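J.: Here's a structure for you.
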Amino acid sequence: MAKILLENYCLPENLVGMQEAIQQAINSGEILQISDRKTLAAVLTVGVQGALNDPRLTVSYEPNYVQVMPPMLPSLPKEQLIRLVRNSVKVDILENNVGYLRMDQIIGEKTAAKLGSLWRDVIWDKIAQTSSLIFDLRYSTAGELSGVPFIISYFSDPEPLIHIDTVYDRPSNTTKELWTMLSITGDRYGKKKDVIILTSRRTIGAAEAVAYTMKNLKRTITVGERSAGGSVKVQKIRIAQSDFYITVPVARSVNPITGQSWEVSGVSPTVNTIAKEAVAKAKSLLAVRKAIPKVVQSISDIIKRFYAFTDRVPALLQHLEETDLFSVVSEEDLAFRLNQNLQTVTEDPRLIIRYMHDNAAIVEEDSKLYKVPGSLDLLKAHIDKEFKVEILPGNIGYVRFDVLVETLAMAKLEELMAQKVWEPLKDTNNLIIDLRYNTGGSSNSLALVLSYLHDLSQNHYFFTIYDRIQNTTTEHDSLDKITGPSYGSKRCVYVLTSYFTASTGEELAYLIQSLHRGTVIGEITSGYLMHSKTFQIEGTEIAITVPFINFIDNNGECWLGGGVVPDAIVLAEEAVNHVYEIAEFHKGLQSLIEEVGELLEKHYAIHEVGLQVGKVLLSKWAEGLYRSVVDFESLASQLTADLHDSSGDHRLHVFYCDVEPESPHDFPKIPTAEEAGFIIDALFKIEVLPRNVGYLRFDMMADIAVVKAIGPQLIKLVWNKIVNTDALIIDMRYNTGGYSTAIPLLCSYFFDAEPLQHLYTVFDRTTNTMTEVMTLPHIRGQRYGSSKGLFILTSHMTGSAAEVFTRTMKDLNRATVIGEPTIGGSLSSGTYQIGDSILYASIPNQVVLSAKTGKVWSFSGVEPNVIAQANEALQVAQKIIAGRLKKE
């Protein structure tokens, strides 16, 4: 049995150790105890299937077995062949010119040639003229492998030829590639028309090969049940001279597209349905597919006519035309894919394609609802009904309106609003604008409201509206003059929102944030913009919503909706209470920002930069950029971002802390002799690499007092082991800093005793002193010298004192730096409380100046000589060292 498998099984790579396993089973004696032949066959079947994980392998006991070879189709007499084909092939033309071809036996080229006109005239030419085809293989249980390329060629173009399968035959150890055919009998069905293949659990063999190949060529959609999972070729082989036989798959198929096969696992249908319902399912599917070009064309026409981003339309239409809709199986599927593609290209959430079945119809707002005639009485009635004005405790003004209307008599409307709204609110300390119930209105009235919230000493640009239907662009600026008293831009405005806030209400909330005019408090708004039209595609349940208006804010950004996120997210019903808390917080903002500027002026190492940054912060506050700040946490985040932007120094940092942060110890603890041994073991890693290259890694820069205290042990346990190497790699990739006091000592080991080297200069803002740092004339132990190769490895984590050492050695051309740019840390930072708040500022009070250029570099980090990923830096260094040593 092992010999048969080794010579015939189509997966020989799985047979390693098979012969030995069978011998081991024999030696165990268990098989020899089986006296019943059929039991033995069953046991062997279980064993071989389990060993090779292949259910096709079976052992049988058949004393009376007579092998019968079915005749090859081409060898049959023509009359018998015709009878067979008439019984196994059925052709029909269904409604809507849908072809139906049922083939219970796959026919090859030679068989078709022998059939002559029967194949072409009676079968194929009838099918070739149809608009689409249902190819029924549910009952196909036989056929010729040579028929696979023959059948598939009818559904492809003559050229280029397509590699459709590779068949490996184990007994002959040969591989045969199957390709489509250049010429065939009759007309081709081609690649354009829809073809649906039906499969069932009975579909097996060559029919599976056809279905699998056509599916993976994206030429057909398969409908029905998973097929049987047969084999290309199976043989029943007698075991020695016994009455035992083993059934073995002797050939295998490998699809060039998937690298896999339909054998054993079968063909998985695109659309699962029971076999008897497959024809009905295929018909409905073809109806959907027939409608696809019309749906795509309708959507393209609508986008071309209405979409507000006119510059995106050509690319969008081209993308729609090129969209792969091969496997679309329903209207819902079509809508999903088209929408997904549109979203990918446009990134515009307003442009939506939906499947509307069982969904409520989309109701568009009627803009006429927001137009009020110019009659004075009607305008008065509108103002009295829609505007609610109050003075709340703490002299906070409150105005609620749920709609903004448009009228031809805008001057009259503005005059009435001045009397009803702005006159009562003119002397309040702050203002609440309640939009929690505002679900629509006219965008043209927004400028009227916004004009009262700005100083009219200068003109203000608010927003622009582009209307695709009218092809007009309208800029909305502040009014030239207003009737009532201006609320101005100095007092705080608080806008309340809810999940119901929509359309024009959202636009006003959005502009309040965009113009930095106020603070939005409440819930995220609905995300519904009214500037869209919805069209249902005729004859389908697919609808497309197209934005025909673009709302462009004062920064030139087009707002795509999606809801306004409040500066303070709270429950809508609690929003008014939060106004009081935030208003109280805002009272102290200016003094806190001024305090940050004073701290920078007093402590920041680069004095002129500190002065400038303080002015920038106050300017931003005056422009309203801190109105979005609602608590200490958001203030810390905003201040940190503004400090980074205005100074270019990422080390400046503001944080909040309920308790005063602890200061680090000024003087490190001097370790005992026993502790020194633990410190050295924990912090230092040393190794001598091939070619006598030393490797030294330490992840923290220790203070000079500590270094001196552990000096003798450090020299003995670390330094003496690497000092006599031909080159040295110092690994700073994981060194985030520490004390800088030991840097001169460390550097001194890599220079000669005389002359002393100027390493760098430190400016200390707290003492206003400049200190030149030099190498030391006397050090403990042997110097490494100034000529041997030195390589320093860095990463984006390398910081503070580790950077100073690295940059110094690079500046003085004493080391080659390999790895990633360093973080840009500071030698020393002070932590200072901002006023009497819970905010603290971390401010670098020392800077390092290069001995070579005299310029400050400390917050820009170190740029390596050789850029490499941190995890590859050591290997890069070793390659460079090997090259240099070879040259020497």
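Letters A, B, ... go to the chains of the structure tokens in the order shown; residues in each chain start at 1; ligands are counted from 1 in the same order.
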Which residues of region 755-872 of chain A have any atom within 12 Å of an atom in region 692-695 of chain A when counting only C-alpha atoms, and what is the closest pair of atoms for each, with the distance in Å to one decimal? Order the rows by chain and rising number and write it as a Markdown table.
T.:
| residue | atom | partner | partner_atom | distance |
| --- | --- | --- | --- | --- |
| A:Tyr784 | CA | A:Gly694 | CA | 11.1 |
| A:Lys788 | CA | A:Val693 | CA | 10.6 |
| A:Gly789 | CA | A:Val693 | CA | 9.4 |
| A:Leu790 | CA | A:Gly694 | CA | 9.5 |
| A:Phe791 | CA | A:Tyr695 | CA | 9.5 |
| A:Ile792 | CA | A:Tyr695 | CA | 10.0 |
| A:Leu793 | CA | A:Tyr695 | CA | 10.5 |
J.: Show which residues sit within 6 Å of region 215-225 of chain A, as a short mmCIF file (atom, residue, chain, number, x, y, z; two decimals) with N, CA, C and O atoms, in the first residue's frame. Count only C-alpha atoms, and ignore same-chain residues fewer than 5 positions away.
T.:
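Writing the result to result.cif gives the following:
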data_model
loop_
_atom_site.label_atom_id
_atom_site.label_comp_id
_atom_site.auth_asym_id
_atom_site.auth_seq_id
_atom_site.Cartn_x
_atom_site.Cartn_y
_atom_site.Cartn_z
N VAL A 195 -23.57 35.57 -17.43
CA VAL A 195 -23.70 34.11 -17.38
C VAL A 195 -23.81 33.70 -15.91
O VAL A 195 -23.00 34.14 -15.08
N ILE A 196 -24.81 32.87 -15.62
CA ILE A 196 -24.95 32.35 -14.26
C ILE A 196 -24.86 30.83 -14.32
O ILE A 196 -25.57 30.19 -15.10
N ILE A 197 -23.97 30.27 -13.52
CA ILE A 197 -23.81 28.81 -13.45
C ILE A 197 -24.54 28.30 -12.23
O ILE A 197 -24.38 28.83 -11.12
N LEU A 198 -25.34 27.25 -12.43
CA LEU A 198 -26.06 26.61 -11.33
C LEU A 198 -25.32 25.35 -10.89
O LEU A 198 -24.91 24.55 -11.73
N THR A 199 -25.17 25.18 -9.58
CA THR A 199 -24.49 23.99 -9.05
C THR A 199 -25.36 23.36 -7.96
O THR A 199 -26.22 24.02 -7.36
N SER A 200 -25.08 22.09 -7.71
CA SER A 200 -25.76 21.38 -6.62
C SER A 200 -24.75 20.49 -5.92
O SER A 200 -23.59 20.40 -6.34
N ARG A 201 -25.21 19.77 -4.92
CA ARG A 201 -24.33 18.84 -4.21
C ARG A 201 -23.92 17.67 -5.09
O ARG A 201 -22.98 16.96 -4.78
N PRO A 269 -20.79 28.46 -3.97
CA PRO A 269 -21.58 29.37 -4.82
C PRO A 269 -21.49 30.82 -4.34
O PRO A 269 -21.30 31.07 -3.14
N THR A 270 -21.64 31.73 -5.28
CA THR A 270 -21.71 33.15 -4.93
C THR A 270 -22.99 33.43 -4.16
O THR A 270 -23.01 34.18 -3.19
N VAL A 271 -24.08 32.81 -4.63
CA VAL A 271 -25.40 32.95 -3.98
C VAL A 271 -25.88 31.57 -3.55
O VAL A 271 -26.09 30.70 -4.39
N ASN A 272 -26.02 31.38 -2.26
CA ASN A 272 -26.47 30.08 -1.73
C ASN A 272 -27.99 29.96 -1.82
O ASN A 272 -28.72 30.87 -1.40
N THR A 273 -28.44 28.87 -2.39
CA THR A 273 -29.87 28.55 -2.39
C THR A 273 -30.01 27.05 -2.65
O THR A 273 -29.10 26.42 -3.18
N ILE A 274 -31.13 26.47 -2.25
CA ILE A 274 -31.31 25.03 -2.50
C ILE A 274 -31.41 24.80 -4.01
O ILE A 274 -31.89 25.67 -4.76
N ALA A 275 -30.95 23.63 -4.46
CA ALA A 275 -30.79 23.37 -5.89
C ALA A 275 -32.09 23.55 -6.66
O ALA A 275 -32.10 24.12 -7.76
N ALA A 278 -32.80 27.14 -7.72
CA ALA A 278 -31.68 27.87 -8.33
C ALA A 278 -32.09 28.60 -9.60
O ALA A 278 -31.63 29.71 -9.87
#
J.: Counting only C-alpha atoms, figure out which residue out of A:Ser800, A:Ser532, A:Ser842, A:Asn735 gets nearest to Leu652 (chain A).
T.: A:Ser842
J.: List every residue of region 686-886 of chain A that DSSP, applied to the backbone of this structure, assigns to strand (DSSP E), and report them as a ChimeraX atom specification.
T.: /A:686-689,693-698,727-731,758-764,769-774,789-794,816-819,829-833,839-844,846-850,866-867
J.: Let's see if you can do this: from backbone DSSP, list all helix (DSSP H, G or I) residues in region 702-765 of chain A, as a short mmCIF file (atom, residue, chain, number, x, y, z; two decimals) with N, CA, C and O atoms, in the first residue's frame.
T.:
data_model
loop_
_atom_site.label_atom_id
_atom_site.label_comp_id
_atom_site.auth_asym_id
_atom_site.auth_seq_id
_atom_site.Cartn_x
_atom_site.Cartn_y
_atom_site.Cartn_z
N ILE A 704 27.71 62.66 38.11
CA ILE A 704 29.16 62.54 38.25
C ILE A 704 29.56 62.00 39.62
O ILE A 704 30.50 61.22 39.75
N ALA A 705 28.80 62.38 40.66
CA ALA A 705 29.13 61.90 42.00
C ALA A 705 28.95 60.38 42.09
O ALA A 705 29.75 59.68 42.71
N VAL A 706 27.89 59.89 41.44
CA VAL A 706 27.65 58.44 41.44
C VAL A 706 28.73 57.74 40.63
O VAL A 706 29.26 56.70 41.04
N VAL A 707 29.08 58.31 39.48
CA VAL A 707 30.11 57.71 38.62
C VAL A 707 31.43 57.62 39.37
O VAL A 707 32.14 56.60 39.31
N LYS A 708 31.79 58.68 40.06
CA LYS A 708 33.05 58.67 40.81
C LYS A 708 33.01 57.63 41.94
O LYS A 708 34.00 56.95 42.21
N ALA A 709 31.84 57.51 42.58
CA ALA A 709 31.72 56.57 43.69
C ALA A 709 31.88 55.13 43.23
O ALA A 709 32.45 54.29 43.94
N GLY A 711 33.38 54.32 40.39
CA GLY A 711 34.43 54.35 39.37
C GLY A 711 35.32 53.12 39.33
O GLY A 711 35.49 52.51 38.26
N PRO A 712 35.94 52.69 40.45
CA PRO A 712 36.85 51.53 40.40
C PRO A 712 36.16 50.27 39.87
O PRO A 712 36.71 49.55 39.04
N GLN A 713 34.94 50.02 40.36
CA GLN A 713 34.22 48.83 39.88
C GLN A 713 33.81 48.97 38.41
O GLN A 713 33.82 48.01 37.64
N LEU A 714 33.46 50.19 38.01
CA LEU A 714 33.08 50.45 36.63
C LEU A 714 34.24 50.19 35.68
O LEU A 714 34.08 49.58 34.61
N ILE A 715 35.42 50.64 36.07
CA ILE A 715 36.61 50.42 35.24
C ILE A 715 36.90 48.91 35.14
O ILE A 715 37.12 48.38 34.04
N LYS A 716 36.82 48.23 36.26
CA LYS A 716 37.17 46.81 36.29
C LYS A 716 36.14 45.94 35.57
O LYS A 716 36.49 45.06 34.76
N LEU A 717 34.86 46.16 35.85
CA LEU A 717 33.81 45.27 35.35
C LEU A 717 33.34 45.64 33.94
O LEU A 717 32.78 44.80 33.24
N VAL A 718 33.54 46.88 33.51
CA VAL A 718 33.02 47.33 32.22
C VAL A 718 34.13 47.80 31.29
O VAL A 718 34.41 47.20 30.25
N TRP A 719 34.80 48.87 31.69
CA TRP A 719 35.69 49.57 30.76
C TRP A 719 36.87 48.72 30.32
O TRP A 719 37.22 48.68 29.12
N ASN A 720 37.53 48.04 31.26
CA ASN A 720 38.73 47.27 30.90
C ASN A 720 38.44 46.15 29.90
O ASN A 720 39.34 45.68 29.21
N LYS A 721 37.18 45.72 29.81
CA LYS A 721 36.84 44.62 28.90
C LYS A 721 36.68 45.09 27.45
O LYS A 721 36.65 44.26 26.53
N ILE A 722 36.54 46.40 27.24
CA ILE A 722 36.32 46.88 25.86
C ILE A 722 37.33 47.92 25.42
O ILE A 722 37.34 48.31 24.25
N ILE A 743 28.93 63.91 31.58
CA ILE A 743 29.24 63.92 30.14
C ILE A 743 30.70 64.29 29.88
O ILE A 743 31.38 63.64 29.08
N PRO A 744 31.24 65.35 30.53
CA PRO A 744 32.66 65.68 30.26
C PRO A 744 33.60 64.51 30.56
O PRO A 744 34.55 64.27 29.82
N LEU A 745 33.33 63.77 31.65
CA LEU A 745 34.16 62.63 32.00
C LEU A 745 34.06 61.55 30.92
O LEU A 745 35.08 61.01 30.47
N LEU A 746 32.84 61.24 30.47
CA LEU A 746 32.65 60.22 29.45
C LEU A 746 33.34 60.62 28.15
O LEU A 746 34.03 59.80 27.52
N CYS A 747 33.19 61.88 27.75
CA CYS A 747 33.82 62.35 26.51
C CYS A 747 35.34 62.28 26.59
O CYS A 747 36.02 61.98 25.59
N SER A 748 35.88 62.55 27.77
CA SER A 748 37.34 62.62 27.93
C SER A 748 38.03 61.32 27.57
O SER A 748 39.19 61.31 27.13
#
J.: Which residues are near Lys233 (chain A)? Cut-off 12 Å, only C-alpha atoms, ignore same chain within fewer than 3 positions. Put them as an mmCIF file with C-alpha atoms, in the first residue's frame.
T.:
data_model
loop_
_atom_site.group_PDB
_atom_site.id
_atom_site.type_symbol
_atom_site.label_atom_id
_atom_site.label_comp_id
_atom_site.auth_asym_id
_atom_site.auth_seq_id
_atom_site.Cartn_x
_atom_site.Cartn_y
_atom_site.Cartn_z
ATOM 1 C CA ASN A 8 0.582 7.197 -7.581
ATOM 2 C CA TYR A 9 -0.751 9.665 -4.964
ATOM 3 C CA CYS A 10 -1.080 13.147 -6.485
ATOM 4 C CA ARG A 56 -10.736 10.247 -1.219
ATOM 5 C CA ALA A 142 -19.486 13.096 -15.801
ATOM 6 C CA GLY A 143 -17.433 14.531 -18.616
ATOM 7 C CA GLU A 144 -14.045 14.974 -20.186
ATOM 8 C CA LEU A 145 -11.294 17.101 -18.623
ATOM 9 C CA VAL A 167 -2.993 19.395 -14.007
ATOM 10 C CA TYR A 168 -0.261 17.308 -12.412
ATOM 11 C CA ASP A 169 -0.330 13.546 -13.111
ATOM 12 C CA ARG A 170 1.595 11.540 -10.500
ATOM 13 C CA PRO A 171 2.045 8.147 -12.227
ATOM 14 C CA ILE A 204 -18.831 16.760 -9.704
ATOM 15 C CA GLY A 205 -15.660 16.395 -11.748
ATOM 16 C CA ALA A 206 -15.180 18.359 -14.975
ATOM 17 C CA GLY A 230 -14.584 15.392 -6.715
ATOM 18 C CA LYS A 236 -8.671 1.894 -7.922
ATOM 19 C CA THR A 247 -8.663 4.100 -4.340
ATOM 20 C CA VAL A 248 -6.149 6.878 -5.012
ATOM 21 C CA PRO A 249 -6.462 10.357 -6.584
ATOM 22 C CA VAL A 250 -3.611 10.189 -9.110
ATOM 23 C CA ALA A 251 -3.840 13.704 -10.572
ATOM 24 C CA ARG A 252 -4.503 17.139 -9.129
ATOM 25 C CA SER A 253 -5.671 20.506 -10.412
ATOM 26 C CA GLU A 263 -11.128 19.096 -5.464
#
J.: With region 478-495 of chain A as the partner and 8 Å as the cut-off, tabulate the residues of region 334-435 of chain A that qualify, each row holding the nearest pair of atoms and their distance in Å to one decimal, using only C-alpha atoms, sorted by chain and rising number, as a Markdown table.
T.:
| residue | atom | partner | partner_atom | distance |
| --- | --- | --- | --- | --- |
| A:Glu414 | CA | A:Thr483 | CA | 7.1 |
| A:Glu415 | CA | A:Thr483 | CA | 5.8 |
| A:Ala418 | CA | A:Gly484 | CA | 4.5 |
| A:Gln419 | CA | A:Gly484 | CA | 6.9 |
| A:Trp422 | CA | A:Gly484 | CA | 6.3 |
| A:Glu423 | CA | A:Pro485 | CA | 6.3 |
| A:Leu425 | CA | A:Tyr487 | CA | 7.9 |
| A:Lys426 | CA | A:Tyr487 | CA | 6.0 |
| A:Asn429 | CA | A:Arg491 | CA | 6.7 |
| A:Asn430 | CA | A:Cys492 | CA | 5.1 |
| A:Leu431 | CA | A:Val493 | CA | 4.8 |
| A:Ile432 | CA | A:Tyr494 | CA | 4.7 |
| A:Ile433 | CA | A:Val495 | CA | 4.8 |
| A:Asp434 | CA | A:Val495 | CA | 5.9 |
| A:Leu435 | CA | A:Val495 | CA | 6.8 |
